[in-house]
file upload08.pdb (PDB, C-alpha atoms, pLDDT in the B column)
ATOM      1  CA  MET A 664       0.000   0.000   0.000  1.00 72.00           C
ATOM      2  CA  GLN A 665       1.572   3.249  -1.114  1.00 79.00           C
ATOM      3  CA  LYS A 666       0.680   6.395   0.841  1.00 83.00           C
ATOM      4  CA  ASN A 667      -1.699   8.628  -1.122  1.00 83.00           C
ATOM      5  CA  ILE A 668      -2.954  11.045   1.557  1.00 87.00           C
ATOM      6  CA  GLY A 669      -0.955  14.065   2.671  1.00 88.00           C
ATOM      7  CA  SER A 670      -0.449  15.176   6.267  1.00 90.00           C
ATOM      8  CA  ILE A 671      -3.079  17.963   6.293  1.00 93.00           C
ATOM      9  CA  GLU A 672      -5.735  15.699   4.788  1.00 92.00           C
ATOM     10  CA  LYS A 673      -4.705  12.912   7.175  1.00 94.00           C
ATOM     11  CA  ILE A 674      -5.257  15.137  10.225  1.00 96.00           C
ATOM     12  CA  ALA A 675      -8.598  16.383   8.842  1.00 96.00           C
ATOM     13  CA  ARG A 676      -9.820  12.824   8.193  1.00 95.00           C
ATOM     14  CA  ILE A 677      -8.868  11.700  11.698  1.00 97.00           C
ATOM     15  CA  VAL A 678     -10.502  14.689  13.429  1.00 97.00           C
ATOM     16  CA  ILE A 679     -13.701  14.519  11.363  1.00 97.00           C
ATOM     17  CA  GLY A 680     -13.808  10.720  11.687  1.00 97.00           C
ATOM     18  CA  ILE A 681     -13.566  10.868  15.475  1.00 98.00           C
ATOM     19  CA  ALA A 682     -16.243  13.569  15.632  1.00 98.00           C
ATOM     20  CA  LEU A 683     -18.636  11.549  13.455  1.00 98.00           C
ATOM     21  CA  VAL A 684     -18.100   8.337  15.445  1.00 98.00           C
ATOM     22  CA  ILE A 685     -18.745  10.163  18.722  1.00 98.00           C
ATOM     23  CA  TRP A 686     -21.896  11.667  17.217  1.00 98.00           C
ATOM     24  CA  ALA A 687     -23.054   8.225  16.029  1.00 97.00           C
ATOM     25  CA  ILE A 688     -22.450   6.705  19.473  1.00 97.00           C
ATOM     26  CA  ALA A 689     -24.372   9.570  21.073  1.00 98.00           C
ATOM     27  CA  GLY A 690     -27.430   8.725  18.990  1.00 96.00           C
ATOM     28  CA  GLY A 691     -26.734  10.591  15.770  1.00 95.00           C
ATOM     29  CA  PRO A 692     -27.949   9.482  12.348  1.00 97.00           C
ATOM     30  CA  LEU A 693     -26.898   6.168  10.861  1.00 97.00           C
ATOM     31  CA  TRP A 694     -24.724   7.827   8.199  1.00 96.00           C
ATOM     32  CA  ALA A 695     -22.491   9.249  10.949  1.00 97.00           C
ATOM     33  CA  TRP A 696     -20.875   5.788  11.162  1.00 97.00           C
ATOM     34  CA  ALA A 697     -19.108   6.745   7.918  1.00 96.00           C
ATOM     35  CA  GLY A 698     -16.650   8.366  10.320  1.00 97.00           C
ATOM     36  CA  VAL A 699     -15.146   4.906  10.838  1.00 97.00           C
ATOM     37  CA  MET A 700     -14.020   4.891   7.196  1.00 95.00           C
ATOM     38  CA  LEU A 701     -12.604   8.409   7.453  1.00 95.00           C
ATOM     39  CA  LEU A 702     -10.768   7.464  10.631  1.00 96.00           C
ATOM     40  CA  ALA A 703      -9.337   4.290   9.082  1.00 95.00           C
ATOM     41  CA  THR A 704      -8.151   6.006   5.902  1.00 93.00           C
ATOM     42  CA  GLY A 705      -6.615   8.804   7.947  1.00 94.00           C
ATOM     43  CA  LEU A 706      -4.733   6.419  10.212  1.00 94.00           C
ATOM     44  CA  LEU A 707      -3.478   4.355   7.263  1.00 92.00           C
ATOM     45  CA  SER A 708      -2.680   7.404   5.059  1.00 89.00           C
ATOM     46  CA  TRP A 709      -4.214   5.449   2.197  1.00 87.00           C
ATOM     47  CA  CYS A 710      -7.595   5.861   0.504  1.00 86.00           C
ATOM     48  CA  PRO A 711      -8.876   3.255  -1.973  1.00 86.00           C
ATOM     49  CA  ALA A 712     -11.000   5.861  -3.804  1.00 83.00           C
ATOM     50  CA  ARG A 713      -7.913   7.987  -4.437  1.00 79.00           C
ATOM     51  CA  MET A 714      -6.131   4.893  -5.753  1.00 73.00           C
ATOM     52  CA  LEU A 715      -8.992   4.176  -8.177  1.00 79.00           C
ATOM     53  CA  PHE A 716      -9.133   7.705  -9.560  1.00 77.00           C
ATOM     54  CA  GLY A 717      -5.388   8.322  -9.513  1.00 73.00           C
ATOM     55  CA  GLY A 718      -5.425  11.311  -7.180  1.00 68.00           C
ATOM     56  CA  ARG A 719      -3.091  11.987  -4.314  1.00 67.00           C
ATOM     57  CA  SER A 720      -2.569  14.784  -1.850  1.00 66.00           C
ATOM     58  CA  CYS A 721       0.969  13.906  -0.862  1.00 66.00           C
ATOM     59  CA  SER A 722       4.283  14.234  -2.646  1.00 66.00           C
ATOM     60  CA  VAL A 723       5.509  11.256  -4.629  1.00 61.00           C
ATOM     61  CA  GLU A 724       8.421   9.503  -2.960  1.00 59.00           C
ATOM     62  CA  LYS A 725      11.246   8.636  -5.343  1.00 50.00           C
TER
END
call {"tool": "encode", "arguments": {"input": "upload08.pdb", "output": "structure tokens"}}
result
Amino acid sequence: MQKNIGSIEKIARIVIGIALVIWAIAGGPLWAWAGVMLLATGLLSWCPARMLFGGRSCSVEK
């Protein structure tokens, strides 16, 4: 798995993911559980959707 998420996006995904999971646990809407995916992709620095579409928000390591 090659990293395809930059540091700013990684931090944003983790923060938003945690917030959504807390909201879901507190009785929020069902879609708030999508925060689990944001949290996982942020922690791994890898997003399968970015891999499919060829985008990246980090510099390419040579």
call {"tool": "resolve_selection", "arguments": {"input": "upload08.pdb", "expression": "the PyMOL selection byres ((chain A and resi 714) around 12)", "output": "NGL selection string"}}
result
:A and (664-668 or 704 or 708-713 or 715-720)
call {"tool": "residues_around", "arguments": {"input": "upload08.pdb", "residues": "Leu701 of chain A", "least_positions_apart": "6", "cutoff": "12 Å", "atoms": "all atoms listed in the file", "output": "list in words"}}
result
Ile668, Glu672, Lys673, Ile674, Ala675, Arg676, Ile677, Val678, Ile679, Gly680, Ile681, Ala682, Leu683, Val684, Ala695, Leu707, Ser708, Trp709, Cys710, Pro711 and Ala712 of chain A
call {"tool": "write_last_selection", "arguments": {"input": "upload08.pdb", "atoms": "C-alpha atoms", "output": "compact mmCIF listing (two decimals), in the frame of the given file"}}
result
# COMPACT_ATOMS: atom_id res chain seq x y z
CA ILE A 668 -2.95 11.04 1.56
CA GLU A 672 -5.74 15.70 4.79
CA LYS A 673 -4.70 12.91 7.18
CA ILE A 674 -5.26 15.14 10.22
CA ALA A 675 -8.60 16.38 8.84
CA ARG A 676 -9.82 12.82 8.19
CA ILE A 677 -8.87 11.70 11.70
CA VAL A 678 -10.50 14.69 13.43
CA ILE A 679 -13.70 14.52 11.36
CA GLY A 680 -13.81 10.72 11.69
CA ILE A 681 -13.57 10.87 15.48
CA ALA A 682 -16.24 13.57 15.63
CA LEU A 683 -18.64 11.55 13.46
CA VAL A 684 -18.10 8.34 15.44
CA ALA A 695 -22.49 9.25 10.95
CA LEU A 707 -3.48 4.36 7.26
CA SER A 708 -2.68 7.40 5.06
CA TRP A 709 -4.21 5.45 2.20
CA CYS A 710 -7.60 5.86 0.50
CA PRO A 711 -8.88 3.26 -1.97
CA ALA A 712 -11.00 5.86 -3.80
call {"tool": "atom_distance", "arguments": {"input": "upload08.pdb", "atom1": "atom CA of Ser670 of chain A", "atom2": "atom CA of Gly698 of chain A"}}
result
18.0 Å
call {"tool": "atom_distance", "arguments": {"input": "upload08.pdb", "atom1": "atom CA of Ala687 of chain A", "atom2": "atom CA of Met700 of chain A"}}
result
13.1 Å
call {"tool": "axis_aligned_box", "arguments": {"input": "upload08.pdb", "around": "segment 674-692 of chain A", "padding_each_side": "8 Å", "output": "JSON"}}
result
{"center_x": -16.6, "center_y": 11.5, "center_z": 14.6, "size_x": 38.7, "size_y": 25.7, "size_z": 28.9}
